[in-house]
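Below is one structure, written out as C-alpha cells; comments come after it.
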Amino acid sequence: MENSWQEHHQGTTATLSTQESKTPAYDIAQIMGGLYGEGIIGLKGAFSREWVQQLHQDVLALYEDALQRPGGAVGRGPKRHYVEIHPENISGFIDLVTHPWVTTVCEAVLGPDYKIVEIGFDVPNPGAVNQPWHRDFPAPEDTIIGRRLNSLAFNLTTVDVFEDMGPFEIAPGTQWDLPDGFEHGMFPPKSLYPRYEARAQRKMPQMGDISARSALTIHRGTGNGSDKARPALVLGVDAPGGINAERHDLQVSRAFFEKLPESVRQHLTYRLVDTLEPIVQAHTIEGLMMGEA
C-alpha cells in the first residue's frame, strides 16, 4: 500500500498558508500529469490546523442537524453518510475556494470558466465497512470518447487519518477504464477487483492537507475499525459542459452573495434565495445505499 501524500510545489518543499500574500507558482505540468495519470494529487499543509478545527466543528453541527431532517443525510453504506450543505454554513468557504492551489488546479484541468457545483461532506463512522469499488457517477462522453476530464472533486479531511479509521482507497489510473459491465455505469464487476486491489493506495492525510481527484478514478471507503468518525469535506467542480450541477442544489442567500468577491461569484453555479432552504439529498448512489457495502 502507498501511504504517501504527494506535494505539488514548484522549486520549494515549504508548505504554504492562505495568509501568505504572494501567489505561489505551482507546476502546471505536474498537476496535469497527476490528474491525467494517477487521477489524484495532493497538497500538504494547505490550511492551518486551527482553520481545520473550526471546519470540523462546523461539520459536526451540520451533520447533527442533517440527521434530524428527512432526506438531510444520504446513506453511502452502513454507518456512512453524505451531506450536501450551503456554502455559507461553513466559515472557511471563501478561504477554500480562493486558495491558490485550488484555483490553479481548477484552471489547469477544467479551464478558466470552471464552475463550483457542490459542497458537502462524507462521514464514515465507527463500524463503517468496505464500500464496493466504484465511481461517483457514470463517465461522460467527454472522458470515454474525448479522453478529457471535465470535473474534479477536492477533499479535505477534518481529522488526522490513521490506518484503522477507514481511510480512502483509490486505484490510480482507472479514470480511463471503459465502463464495460459496470452496474449503473459506476460499479465494476467483481472480476475486475484484483486489478484495483493490485493498484490500491490508501490515503492518510493530516489536518490541513487537501487533495484533488477525478471522481471517475475507481475508489472506495474502507472499514472504520476505530472509535472515531472520519469526516471529509467535498468540493465538486465542473468544466463548461459538465452536468454535475444537475445532481446538486447549491443555494446562496442574497446577503451572503453580496459578501462574495467577484472572483468567487463568477465560478459558482448557484440558486439565489432570500432564505436558505433545507437540502433534500439528490445525489444518491444506489449501489452504496442498497448494495452489499
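Just so we're on the same page: first chain in the C-alpha cells is A, next is B, and so on; residues restart at 1 for each chain, and ligands are numbered from 1 in the order they show up.
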
### Query
DSSP says helix (DSSP H, G or I) for which residues of stretch 39-195 of chain A? Put them as a PyMOL selection string?
chain A and resi 49-68+87-89+93-97+100-110+141-144+174-176+190-195

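By only C-alpha atoms, and with residues fewer than 6 positions from stretch 144-148 of chain A along its chain excluded, the set lying at most 10 Å from it is Tyr36, Val109, Leu110, Pro138, Gln175, Trp176, Asp177, Leu178 and Pro179 of chain A.
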
Convert the current residue selection to file output with N, CA, C and O atoms, as a tab-separated table (two decimals), in the first residue's frame.
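What follows is the written file result31.tsv:
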chain	number	residue	atom	x	y	z
A	36	TYR	N	-4.27	13.43	-14.87
A	36	TYR	CA	-4.48	12.61	-16.06
A	36	TYR	C	-3.75	11.27	-15.96
A	36	TYR	O	-4.07	10.35	-16.70
A	109	VAL	N	-6.93	22.20	-15.24
A	109	VAL	CA	-7.59	20.99	-15.74
A	109	VAL	C	-8.94	21.30	-16.39
A	109	VAL	O	-9.31	20.69	-17.41
A	110	LEU	N	-9.68	22.25	-15.83
A	110	LEU	CA	-11.05	22.50	-16.28
A	110	LEU	C	-11.20	23.77	-17.11
A	110	LEU	O	-12.25	23.99	-17.71
A	138	PRO	N	-21.48	8.04	-13.57
A	138	PRO	CA	-21.03	7.42	-14.81
A	138	PRO	C	-20.07	8.34	-15.59
A	138	PRO	O	-20.22	9.57	-15.56
A	175	GLN	N	-9.37	6.09	-14.00
A	175	GLN	CA	-10.35	7.04	-14.51
A	175	GLN	C	-10.59	6.85	-16.01
A	175	GLN	O	-11.60	7.28	-16.55
A	176	TRP	N	-9.64	6.17	-16.67
A	176	TRP	CA	-9.75	5.95	-18.12
A	176	TRP	C	-10.35	4.59	-18.47
A	176	TRP	O	-10.55	4.30	-19.64
A	177	ASP	N	-10.62	3.76	-17.47
A	177	ASP	CA	-11.20	2.44	-17.75
A	177	ASP	C	-12.57	2.60	-18.40
A	177	ASP	O	-13.41	3.37	-17.92
A	178	LEU	N	-12.80	1.87	-19.46
A	178	LEU	CA	-14.12	1.87	-20.09
A	178	LEU	C	-15.11	1.14	-19.18
A	178	LEU	O	-14.75	0.13	-18.56
A	179	PRO	N	-16.34	1.62	-19.08
A	179	PRO	CA	-17.30	1.07	-18.11
A	179	PRO	C	-18.02	-0.18	-18.59
A	179	PRO	O	-19.22	-0.35	-18.37

### Task
Please indicate the distance in Å from atom CA of A:Phe154 to atom CA of A:Gly92, rounded to one decimal place.
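About the pair atom CA of A:Phe154 and atom CA of A:Gly92: they are 14.5 Å apart.
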
## Note on the structure
Counting only C-alpha atoms, closest pick from A:Glu88, A:Asp180, A:Gln206, A:Leu156 relative to A:Arg254 is A:Glu88

### Query
Which distance in Å separates atom CA of A:Ala171 and atom CA of A:Ala46, to one decimal?
24.1 Å

#### Entry: Contact residues around stretch 191-193 of chain A with only C-alpha atoms at 12 Å, ignoring same-chain residues under 4 positions, as a list in words
Pro132, Trp133, His134, Ile170, Ala171, Thr174, Asp177, Leu178, Pro179, Asp180, Gly181, Phe182, Phe187, Glu197, Ala198, Arg199, Ala200, Ile218, His219 and Arg220 of chain A

### Query
Of the candidates A:Val264, A:Ala215, A:Val59, A:Val234, which shows the shortest atom-to-atom distance to A:Asp95, using only C-alpha atoms?
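Between A:Val264, A:Ala215, A:Val59, A:Val234, the residue approaching A:Asp95 most closely is A:Val264.
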
### Query
Which residue, A:Ile94, A:Ile210, A:Leu276, A:Ala29, has the smallest gap to A:Lys259 when you use only C-alpha atoms?
A:Ile94

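If you look at atom CA of A:Thr269 and atom CA of A:Val237, they are 9.5 Å away from each other.
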
### Message
When you count only C-alpha atoms, which of these residues is closest to A:Leu55: A:Gly173, A:Gly77, A:Pro124, A:Pro231?
### Response
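With only C-alpha atoms as the atom set, the closest residue is A:Pro231.
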
### Task
Would you return as a ChimeraX atom specification the members of stretch 109-168 of chain A that DSSP assigns to strand (DSSP E or B) on this structure's backbone?
/A:115-124,134,151-157,165,168

Selected residues written out with N, CA and C atoms, as an mmCIF file, in the first residue's frame:
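Below is the file result.cif, written as the result:
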data_model
loop_
_atom_site.group_PDB
_atom_site.id
_atom_site.type_symbol
_atom_site.label_atom_id
_atom_site.label_comp_id
_atom_site.auth_asym_id
_atom_site.auth_seq_id
_atom_site.Cartn_x
_atom_site.Cartn_y
_atom_site.Cartn_z
ATOM 1 N N LYS A 115 -16.750 25.872 -12.904
ATOM 2 C CA LYS A 115 -17.861 26.207 -12.019
ATOM 3 C C LYS A 115 -17.881 25.277 -10.808
ATOM 4 N N ILE A 116 -18.040 25.861 -9.622
ATOM 5 C CA ILE A 116 -18.238 25.094 -8.398
ATOM 6 C C ILE A 116 -19.693 24.658 -8.354
ATOM 7 N N VAL A 117 -19.941 23.363 -8.242
ATOM 8 C CA VAL A 117 -21.305 22.851 -8.337
ATOM 9 C C VAL A 117 -21.783 22.131 -7.075
ATOM 10 N N GLU A 118 -20.856 21.863 -6.133
ATOM 11 C CA GLU A 118 -21.231 21.044 -4.972
ATOM 12 C C GLU A 118 -20.310 21.342 -3.806
ATOM 13 N N ILE A 119 -20.885 21.383 -2.617
ATOM 14 C CA ILE A 119 -20.087 21.323 -1.405
ATOM 15 C C ILE A 119 -20.853 20.486 -0.392
ATOM 16 N N GLY A 120 -20.147 19.593 0.252
ATOM 17 C CA GLY A 120 -20.781 18.690 1.210
ATOM 18 C C GLY A 120 -19.701 17.973 1.993
ATOM 19 N N PHE A 121 -20.097 16.914 2.677
ATOM 20 C CA PHE A 121 -19.099 16.131 3.408
ATOM 21 C C PHE A 121 -19.555 14.688 3.560
ATOM 22 N N ASP A 122 -18.556 13.805 3.618
ATOM 23 C CA ASP A 122 -18.753 12.383 3.910
ATOM 24 C C ASP A 122 -18.358 12.122 5.348
ATOM 25 N N VAL A 123 -19.091 11.224 6.011
ATOM 26 C CA VAL A 123 -18.726 10.821 7.371
ATOM 27 C C VAL A 123 -18.767 9.295 7.476
ATOM 28 N N PRO A 124 -17.591 8.636 7.418
ATOM 29 C CA PRO A 124 -17.531 7.216 7.765
ATOM 30 C C PRO A 124 -17.419 7.093 9.288
ATOM 31 N N HIS A 134 -15.977 1.752 -6.844
ATOM 32 C CA HIS A 134 -16.965 2.494 -7.627
ATOM 33 C C HIS A 134 -16.417 3.814 -8.151
ATOM 34 N N SER A 151 -14.470 17.260 -14.784
ATOM 35 C CA SER A 151 -14.890 17.532 -13.410
ATOM 36 C C SER A 151 -13.783 17.104 -12.456
ATOM 37 N N LEU A 152 -13.789 17.711 -11.273
ATOM 38 C CA LEU A 152 -12.842 17.359 -10.222
ATOM 39 C C LEU A 152 -13.555 17.352 -8.885
ATOM 40 N N ALA A 153 -13.046 16.550 -7.970
ATOM 41 C CA ALA A 153 -13.524 16.554 -6.588
ATOM 42 C C ALA A 153 -12.332 16.856 -5.684
ATOM 43 N N PHE A 154 -12.485 17.894 -4.852
ATOM 44 C CA PHE A 154 -11.480 18.215 -3.844
ATOM 45 C C PHE A 154 -11.948 17.632 -2.511
ATOM 46 N N ASN A 155 -11.016 17.075 -1.760
ATOM 47 C CA ASN A 155 -11.327 16.500 -0.441
ATOM 48 C C ASN A 155 -10.403 17.088 0.612
ATOM 49 N N LEU A 156 -10.984 17.379 1.776
ATOM 50 C CA LEU A 156 -10.240 17.974 2.876
ATOM 51 C C LEU A 156 -10.669 17.282 4.155
ATOM 52 N N THR A 157 -9.761 16.503 4.762
ATOM 53 C CA THR A 157 -10.110 15.821 6.000
ATOM 54 C C THR A 157 -10.221 16.828 7.141
ATOM 55 N N MET A 165 -8.950 4.026 10.707
ATOM 56 C CA MET A 165 -10.100 4.933 10.639
ATOM 57 C C MET A 165 -10.870 4.857 9.322
ATOM 58 N N PHE A 168 -9.567 6.471 2.839
ATOM 59 C CA PHE A 168 -9.953 6.468 1.434
ATOM 60 C C PHE A 168 -8.934 5.648 0.653
#

### Message
Under the rule that only C-alpha atoms are counted, which of A:His86, A:Arg213, A:Arg69, A:Lys228 is the nearest residue to A:Ile40?
### Response
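When distances to A:Ile40 are compared using only C-alpha atoms, the smallest one comes from A:Arg213.
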
#### Entry: Contacts of A:Trp51 within 12 Å, only C-alpha atoms, excl. fewer than 5 positions in-chain, as JSON, numbers by chain
{"A": [17, 18, 19, 45, 46, 56, 57, 58, 90, 91, 92, 93, 95, 96, 156, 157, 158, 159, 207, 208, 209]}

Give me a file of those residues, with C-alpha atoms, as a PDB file, in the first residue's frame.
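Generated file (again.pdb):
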ATOM      1  CA  SER A  17      -0.652  29.097   4.074  1.00  0.00           C
ATOM      2  CA  THR A  18      -3.664  31.096   2.969  1.00  0.00           C
ATOM      3  CA  GLN A  19      -2.252  34.074   4.842  1.00  0.00           C
ATOM      4  CA  GLY A  45      -0.352  21.889   4.833  1.00  0.00           C
ATOM      5  CA  ALA A  46      -2.625  23.953   2.631  1.00  0.00           C
ATOM      6  CA  HIS A  56     -14.545  20.271  11.970  1.00  0.00           C
ATOM      7  CA  GLN A  57     -16.853  21.989  14.450  1.00  0.00           C
ATOM      8  CA  ASP A  58     -18.957  23.392  11.600  1.00  0.00           C
ATOM      9  CA  ILE A  90     -19.050  26.753   6.867  1.00  0.00           C
ATOM     10  CA  SER A  91     -16.928  29.684   7.978  1.00  0.00           C
ATOM     11  CA  GLY A  92     -13.999  28.870   5.688  1.00  0.00           C
ATOM     12  CA  PHE A  93     -15.787  28.591   2.341  1.00  0.00           C
ATOM     13  CA  ASP A  95     -10.728  30.612   2.077  1.00  0.00           C
ATOM     14  CA  LEU A  96     -11.214  27.213   0.479  1.00  0.00           C
ATOM     15  CA  LEU A 156     -10.240  17.974   2.876  1.00  0.00           C
ATOM     16  CA  THR A 157     -10.110  15.821   6.000  1.00  0.00           C
ATOM     17  CA  THR A 158     -11.227  17.448   9.257  1.00  0.00           C
ATOM     18  CA  VAL A 159      -9.214  14.988  11.396  1.00  0.00           C
ATOM     19  CA  MET A 207      -5.452  18.114   9.161  1.00  0.00           C
ATOM     20  CA  GLY A 208      -4.657  20.902   6.692  1.00  0.00           C
ATOM     21  CA  ASP A 209      -3.907  18.638   3.709  1.00  0.00           C
TER      22      ASP A 209
END

Contacts of A:Tyr63 within 8 Å, only C-alpha atoms, excl. fewer than 3 positions in-chain, as an mmCIF file with N, CA, C and O atoms, in the first residue's frame:
data_model
loop_
_atom_site.group_PDB
_atom_site.id
_atom_site.type_symbol
_atom_site.label_atom_id
_atom_site.label_comp_id
_atom_site.auth_asym_id
_atom_site.auth_seq_id
_atom_site.Cartn_x
_atom_site.Cartn_y
_atom_site.Cartn_z
ATOM 1 N N VAL A 59 -18.757 21.179 10.621
ATOM 2 C CA VAL A 59 -19.250 19.936 10.023
ATOM 3 C C VAL A 59 -20.027 19.111 11.044
ATOM 4 O O VAL A 59 -21.106 18.573 10.729
ATOM 5 N N LEU A 60 -19.521 19.016 12.268
ATOM 6 C CA LEU A 60 -20.230 18.239 13.288
ATOM 7 C C LEU A 60 -21.622 18.808 13.547
ATOM 8 O O LEU A 60 -22.597 18.056 13.682
ATOM 9 N N ALA A 66 -28.472 17.574 10.029
ATOM 10 C CA ALA A 66 -28.932 16.801 8.868
ATOM 11 C C ALA A 66 -29.558 15.486 9.282
ATOM 12 O O ALA A 66 -30.531 15.022 8.658
ATOM 13 N N LEU A 67 -29.019 14.865 10.330
ATOM 14 C CA LEU A 67 -29.558 13.580 10.781
ATOM 15 C C LEU A 67 -30.967 13.720 11.351
ATOM 16 O O LEU A 67 -31.706 12.725 11.420
ATOM 17 N N ALA A 73 -29.507 13.583 5.244
ATOM 18 C CA ALA A 73 -28.270 12.833 5.029
ATOM 19 C C ALA A 73 -28.616 11.591 4.221
ATOM 20 O O ALA A 73 -29.681 10.990 4.409
ATOM 21 N N VAL A 83 -23.624 14.382 3.248
ATOM 22 C CA VAL A 83 -24.499 15.525 3.493
ATOM 23 C C VAL A 83 -24.077 16.668 2.582
ATOM 24 O O VAL A 83 -22.914 17.098 2.607
#
